[in-house]
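Student: My questions all concern the structure below.
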Amino acid sequence: MSLRNFILRAWFSRRERSIDRFRRHPAETQMRMLEHLLRRGRDTEFGERYDLRHIRTLEQFQTRVETFDYERFKPYVERMREGVRNVSWPGRVTLFARSSGTTSDRSKYIPVTRESLWRNHTLGMRDVATVYAGNYPQSRVLEGKTLTLGGSCVREGDNLVGDLSALLIHETTFWSGWFRAPRIETAIIPDFDAKCEAICRECTGEHITAFAGVPSWNLALMRRVLEYTGKRNLLEVWPDLEMFAHGGVEFTPYRRSFEELIPSPGMHYMETYNASEGFFALADDPSRNDMLLMLDYGTFFEFRHGTQIVPLEGVECGKVYAVLITSNNGLWRYEIGDTVEFTSTNPYRIRFSGRTKQYINVFGEELIVDNAERALAETCRKTGAVVSEYTVAPCYMSLHERGAHEWLVEFDREPESLESFAATLDEELRAVNSDYDAKRRTTLERQRLIRLERGKFLSWMRSRGKNKVPRLMNDRRVIEDIKAFAGIDGRQ
């Protein structure tokens, strides 16, 4: 074992004890987070407006402080961007994660304070290594580097603005260069094709043992690596490759493609939940398909089911909740737009189930992303297909036609019969969603499935400045935009 590996594992051992403490004492940990946040926020503009100084209980906090979405919290963000100090967090905020989101072309600017940079996002990335090393004691992943495919960032006055991944790479260079590739100059190249070429030149000779990022973009990069090197798979390029830490989108549609690119039984895939608003969860148990909610990163969690908002100890397994956070990036009772389902309350584990604005309920079918992902995974298993990207939208009823759902699908491996694939998908959707099944008996036809040329979704994302494809939309704006971009005729 190298000296570096020995030192890191000693730190990991101490951190494992901290993780175990919040597993055993979740409510106390969360209350400690809230008390810390109230102390830090009490002398800010936000703190004075809501009298945070005199809040002593959770009930007082929930009574006095209203809930926010981005549009309602935006005035505070705009003042931070203008350089005003002590707006909703002490001091000046100079880092902003910019996202176009998945449901709007308008950019959102999420403040990233120095405390959240180190005590949330960076600690989360370190905990990925901590948990992985604990699960695989014989791993040699720490002997090499992690290839991290980030976005880009730019200076806007005194502020640094861009993708969260780029901000993290830019601001943590003094230590991460030992463990991460490529160099910062390469990592933040704004043009994706140019970045891929530079990574191929720089990293194919590096000792890469892991990689991290959004599956769709990494898949495109890895294919370029094979083209560049002329190799058949990634193990011929990086023989010691053993881990992919992924997040941002559901991994199931991409797994088969990655298994073909990396044909190794020793390859491990680890899900993380690191959003622009914070690092929230990671997969701590390889035998499970959920993630441990990280309770000591400076985030106080609340969860909304319908109109009821509850703290962590009020959640129930099997229910889908919208996530609200109060955090050390200066957001207060802020609904981030994600939904999760709890799979365990001892300890608290979640599965990402979708976005609050990503669903289809035009006909009362109440189809959510989790339904679509489960049905699609089973359809691929039965038909041998591999789906890389997809999006779904309603087709509205007319005088002579029933309604339907339209699926745009891009395959990595096409099924032998598209008709058989569509029929199987319909069966699986009906099996996982009783409301959808009921509507299929009355108002809904079977879904209409259109195959997209490989690479079209990625090109569309690049052209629109997005890093993920909206899966389900309750209107046709996104799907019509993609169809027009792909040159597909016909409008609903």
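Letters A, B, ... go to the chains of the structure tokens in the order shown; residues in each chain start at 1; ligands are counted from 1 in the same order.
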Excluding Asp285 in chain A and its own-chain neighbours fewer than 6 positions away, which residues fall within 12 Å of it when counting only C-alpha atoms? Please give them as a list in words.

Tutor: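 Listing them by chain and then by number gives Val128, Val131, Tyr132, Ala133, Gly134, Asn135, Tyr136, His268, Tyr269, Met270, Glu271, Met291, Leu292, Pro347 and Arg349 of chain A.
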
Student: Extract, using only C-alpha atoms, all DNA, RNA and protein residues at most 12 Å from Thr172 in chain A, discarding same-chain residues fewer than 4 positions from it, and format them as a list in words.

Tutor: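 The filter keeps Arg114, Leu117, Trp118, His121, Thr122, Leu123, Met125, Ser165, Ala166, Leu167, Leu168, Ser176, Gly177, Trp178, Phe179, Arg180, Arg183 and Ile184 of chain A.
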
Student: What residues in range 78-205 of chain A get the DSSP label alpha helix (DSSP H)? Please answer as a PDB file with C-alpha atoms, in the first residue's frame.

Tutor:
ATOM      1  CA  GLU A  78     -30.020  38.810  -7.704  1.00  0.00           C
ATOM      2  CA  ARG A  79     -28.755  40.922  -4.803  1.00  0.00           C
ATOM      3  CA  MET A  80     -25.984  38.401  -4.170  1.00  0.00           C
ATOM      4  CA  ARG A  81     -25.001  38.508  -7.837  1.00  0.00           C
ATOM      5  CA  ARG A 114     -17.480  28.880   0.548  1.00  0.00           C
ATOM      6  CA  GLU A 115     -18.959  26.855   3.398  1.00  0.00           C
ATOM      7  CA  SER A 116     -21.146  24.836   1.054  1.00  0.00           C
ATOM      8  CA  LEU A 123     -17.101  16.599   1.582  1.00  0.00           C
ATOM      9  CA  GLY A 124     -19.626  14.650  -0.467  1.00  0.00           C
ATOM     10  CA  MET A 125     -17.024  13.829  -3.110  1.00  0.00           C
ATOM     11  CA  ARG A 126     -14.605  12.713  -0.401  1.00  0.00           C
ATOM     12  CA  ASP A 127     -17.309  10.560   1.155  1.00  0.00           C
ATOM     13  CA  VAL A 128     -17.751   8.779  -2.169  1.00  0.00           C
ATOM     14  CA  ALA A 129     -14.156   7.621  -1.756  1.00  0.00           C
ATOM     15  CA  THR A 130     -14.708   6.937   1.957  1.00  0.00           C
ATOM     16  CA  VAL A 131     -17.701   4.687   1.373  1.00  0.00           C
ATOM     17  CA  TYR A 132     -16.165   2.986  -1.654  1.00  0.00           C
ATOM     18  CA  ALA A 133     -12.950   2.188   0.207  1.00  0.00           C
ATOM     19  CA  GLY A 134     -15.005   0.755   3.074  1.00  0.00           C
ATOM     20  CA  ASN A 135     -17.035  -1.441   0.748  1.00  0.00           C
ATOM     21  CA  LEU A 164     -21.404  23.163 -10.675  1.00  0.00           C
ATOM     22  CA  SER A 165     -18.852  20.589 -11.815  1.00  0.00           C
ATOM     23  CA  ALA A 166     -16.704  23.314 -13.355  1.00  0.00           C
ATOM     24  CA  LEU A 167     -16.917  25.478 -10.236  1.00  0.00           C
ATOM     25  CA  LEU A 168     -15.774  22.569  -8.085  1.00  0.00           C
ATOM     26  CA  ILE A 169     -12.882  21.755 -10.408  1.00  0.00           C
ATOM     27  CA  HIS A 170     -11.841  25.401 -10.589  1.00  0.00           C
ATOM     28  CA  GLU A 171     -11.966  26.018  -6.842  1.00  0.00           C
ATOM     29  CA  THR A 173      -7.286  22.551  -7.687  1.00  0.00           C
ATOM     30  CA  PHE A 174      -4.686  22.755  -4.921  1.00  0.00           C
ATOM     31  CA  TRP A 175      -5.431  19.221  -3.701  1.00  0.00           C
ATOM     32  CA  SER A 176      -7.555  17.560  -6.341  1.00  0.00           C
ATOM     33  CA  ILE A 184      -8.097  22.307 -15.034  1.00  0.00           C
ATOM     34  CA  GLU A 185      -7.365  24.034 -18.346  1.00  0.00           C
ATOM     35  CA  THR A 186      -8.695  20.977 -20.163  1.00  0.00           C
ATOM     36  CA  ALA A 187     -11.557  20.231 -17.774  1.00  0.00           C
ATOM     37  CA  PHE A 192     -17.555  19.608 -25.792  1.00  0.00           C
ATOM     38  CA  ASP A 193     -15.863  18.224 -28.914  1.00  0.00           C
ATOM     39  CA  ALA A 194     -12.690  20.208 -28.221  1.00  0.00           C
ATOM     40  CA  LYS A 195     -12.756  19.061 -24.595  1.00  0.00           C
ATOM     41  CA  CYS A 196     -13.069  15.410 -25.651  1.00  0.00           C
ATOM     42  CA  GLU A 197     -10.139  15.727 -28.028  1.00  0.00           C
ATOM     43  CA  ALA A 198      -7.994  17.344 -25.337  1.00  0.00           C
ATOM     44  CA  ILE A 199      -8.953  14.679 -22.788  1.00  0.00           C
ATOM     45  CA  CYS A 200      -8.047  11.943 -25.265  1.00  0.00           C
ATOM     46  CA  ARG A 201      -4.614  13.464 -25.841  1.00  0.00           C
ATOM     47  CA  GLU A 202      -3.960  14.101 -22.162  1.00  0.00           C
ATOM     48  CA  CYS A 203      -5.572  11.205 -20.323  1.00  0.00           C
TER      49      CYS A 203
END

Student: Per residue of range 183-262 of chain A within 9 Å of range 409-433 of chain A, record the nearest atom pair and its distance in Å to one decimal, counting only C-alpha atoms, with rows in chain order and ascending residue number, as a tab-separated table.

Tutor:
residue	atom	partner	partner_atom	distance
A:Tyr254	CA	A:Asp412	CA	8.8
A:Arg256	CA	A:Asp412	CA	8.9
A:Ser257	CA	A:Asp412	CA	7.0

Student: Name all residues at most 12 Å from range 230-233 of chain A (count only C-alpha atoms; drop same-chain ones fewer than 5 positions away) and give them as a list in words.

Tutor: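 That gives Cys200, Thr204, Met222, Arg223, Arg224, Val225, Trp238, Pro239, Leu241, Ser257, Phe258, Glu259, Glu260, Leu261, Ile262, Pro263 and Ser264 of chain A.
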
Student: Could the residues in this selection be written to a file with C-alpha atoms, as a PDB file, in the first residue's frame?

Tutor:
ATOM      1  CA  CYS A 200      -8.047  11.943 -25.265  1.00  0.00           C
ATOM      2  CA  THR A 204      -5.202   8.058 -22.419  1.00  0.00           C
ATOM      3  CA  MET A 222     -15.760   7.112 -23.720  1.00  0.00           C
ATOM      4  CA  ARG A 223     -16.813   6.305 -27.265  1.00  0.00           C
ATOM      5  CA  ARG A 224     -14.506   9.066 -28.468  1.00  0.00           C
ATOM      6  CA  VAL A 225     -11.677   7.561 -26.409  1.00  0.00           C
ATOM      7  CA  TRP A 238      -7.116   1.829 -18.670  1.00  0.00           C
ATOM      8  CA  PRO A 239      -6.608  -1.743 -17.341  1.00  0.00           C
ATOM      9  CA  LEU A 241     -10.505   0.989 -14.261  1.00  0.00           C
ATOM     10  CA  SER A 257     -23.831   0.408 -22.757  1.00  0.00           C
ATOM     11  CA  PHE A 258     -21.267   0.928 -20.001  1.00  0.00           C
ATOM     12  CA  GLU A 259     -21.029  -2.814 -19.361  1.00  0.00           C
ATOM     13  CA  GLU A 260     -20.161  -3.313 -23.027  1.00  0.00           C
ATOM     14  CA  LEU A 261     -17.595  -0.517 -22.912  1.00  0.00           C
ATOM     15  CA  ILE A 262     -16.078  -1.900 -19.691  1.00  0.00           C
ATOM     16  CA  PRO A 263     -16.481  -5.709 -19.763  1.00  0.00           C
ATOM     17  CA  SER A 264     -15.234  -6.417 -16.252  1.00  0.00           C
TER      18      SER A 264
END

Student: When distances are computed from only C-alpha atoms, which of A:Pro311, A:Pro215, A:Gly354, A:Gly150 shows the smallest separation from Arg471 in chain A?

Tutor: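 So, comparing all the options, the nearest one is A:Gly354.
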
Student: Tell me, as a PyMOL selection string, which residues lie within 10 Å of Ser276 in chain A, counting only C-alpha atoms; anything in the same chain fewer than 6 positions away does not count.

Tutor: chain A and resi 96-99+108-112+121+163-165+248+336

Student: What is the distance between CA of Asn346 in chain A and CA of Ala283 in chain A, in Å to one decimal?

Tutor: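 It comes out at 14.8 Å.
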
Student: Would you mind reading off the distance between CA of Asp284 in chain A and CA of Thr299 in chain A, one decimal, in Å?

Tutor: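 A separation of 18.8 Å between them.
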
Student: Can you list every residue in range 155-386 of chain A that DSSP puts in strand (DSSP E), as a compact mmCIF listing (two decimals) with C-alpha atoms, in the first residue's frame?

Tutor:
# COMPACT_ATOMS: atom_id res chain seq x y z
CA ARG A 155 -16.19 35.29 -15.07
CA GLU A 156 -19.13 37.66 -14.81
CA ASN A 159 -18.42 36.33 -9.87
CA LEU A 160 -17.52 32.92 -11.24
CA VAL A 161 -20.57 31.43 -12.94
CA GLY A 162 -21.11 28.10 -14.65
CA ARG A 180 -8.18 13.92 -10.61
CA ALA A 181 -7.67 14.26 -14.36
CA ILE A 208 -7.10 6.23 -14.65
CA THR A 209 -8.86 3.98 -12.13
CA ALA A 210 -12.25 5.71 -11.93
CA PHE A 211 -14.37 8.31 -13.63
CA ALA A 212 -17.23 10.52 -12.52
CA GLY A 213 -20.05 12.60 -13.96
CA MET A 243 -15.42 2.56 -10.55
CA PHE A 244 -17.85 5.06 -12.05
CA ALA A 245 -19.47 7.57 -9.68
CA HIS A 246 -22.52 8.80 -11.56
CA HIS A 268 -18.51 -0.94 -9.82
CA TYR A 269 -21.14 1.75 -10.37
CA MET A 270 -21.91 4.14 -7.52
CA GLU A 271 -24.87 6.53 -7.62
CA THR A 272 -24.60 9.99 -6.11
CA TYR A 273 -27.10 12.81 -5.67
CA ASN A 274 -25.07 16.00 -6.11
CA ALA A 275 -27.34 18.76 -7.40
CA GLY A 278 -26.24 20.62 -2.67
CA PHE A 279 -24.78 17.16 -2.26
CA PHE A 280 -27.60 15.16 -0.69
CA ALA A 281 -27.09 11.39 -0.90
CA LEU A 282 -24.87 8.56 -2.09
CA MET A 291 -28.87 6.04 -1.50
CA LEU A 292 -28.05 7.06 2.06
CA LEU A 293 -29.29 10.57 2.84
CA THR A 299 -28.43 20.90 5.04
CA PHE A 300 -31.69 20.74 6.96
CA PHE A 301 -34.26 18.68 5.06
CA GLU A 302 -38.03 18.96 4.84
CA PHE A 303 -40.33 16.96 2.62
CA ARG A 304 -43.66 17.86 1.03
CA HIS A 305 -46.36 15.31 0.23
CA GLN A 308 -48.22 18.59 4.12
CA ILE A 309 -44.58 19.45 4.91
CA VAL A 310 -42.74 17.26 7.41
CA PRO A 311 -39.18 17.05 8.79
CA VAL A 320 -43.07 10.29 -2.98
CA TYR A 321 -41.99 13.64 -1.52
CA ALA A 322 -40.86 16.95 -2.96
CA VAL A 323 -37.57 18.02 -1.33
CA LEU A 324 -37.16 21.32 0.53
CA ILE A 325 -33.78 22.40 1.90
CA THR A 326 -32.38 24.99 4.24
CA SER A 327 -28.66 24.96 3.64
CA TYR A 334 -36.30 26.15 -0.75
CA GLU A 335 -38.11 23.55 -2.88
CA ILE A 336 -35.46 22.28 -5.28
CA GLY A 337 -37.86 20.69 -7.77
CA ASP A 338 -36.83 17.06 -7.17
CA THR A 339 -38.95 14.27 -5.78
CA VAL A 340 -37.69 11.28 -3.81
CA GLU A 341 -39.13 8.11 -2.36
CA PHE A 342 -37.94 6.79 0.99
CA THR A 343 -36.94 3.14 0.97
CA SER A 344 -35.75 3.01 4.59
CA THR A 345 -36.05 5.12 7.73
CA TYR A 348 -32.79 7.12 6.01
CA ARG A 349 -32.38 6.00 2.42
CA ILE A 350 -33.98 7.41 -0.71
CA ARG A 351 -34.43 6.83 -4.39
CA PHE A 352 -34.63 9.74 -6.79
CA SER A 353 -38.08 9.52 -8.36
CA GLY A 354 -38.23 12.53 -10.65
CA ARG A 355 -38.93 16.22 -10.87
CA TYR A 359 -44.88 13.91 -15.02
CA ILE A 360 -47.80 13.31 -17.38
CA LEU A 367 -47.36 8.76 -14.90
CA ILE A 368 -44.13 9.69 -13.10
CA VAL A 386 -30.42 -0.79 -25.01

Student: If we count only C-alpha atoms, what is near range 37-42 of chain A at a cut-off of 6 Å, once residues fewer than 2 positions away on the same chain are taken out, given as number ranges by chain?

Tutor: A: 34-35, 44, 47, 52-53, 89

Student: Return the single residue from A:Val315, A:Ala220, A:Leu295, A:Ala438 that is closest to Glu365 in chain A, with distances computed using only C-alpha atoms.

Tutor: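 Checking each candidate against Glu365 in chain A, we get A:Ala438 as the closest.
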
Student: Interatomic distance between CA of Glu242 in chain A and CA of Pro137 in chain A?

Tutor: 13.1 Å

Student: Pick the closest to Tyr76 in chain A from A:Leu331, A:Glu48, A:His25, A:His207: which is it, counting only C-alpha atoms?

Tutor: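 The answer is A:Leu331, which sits nearest to Tyr76 in chain A.
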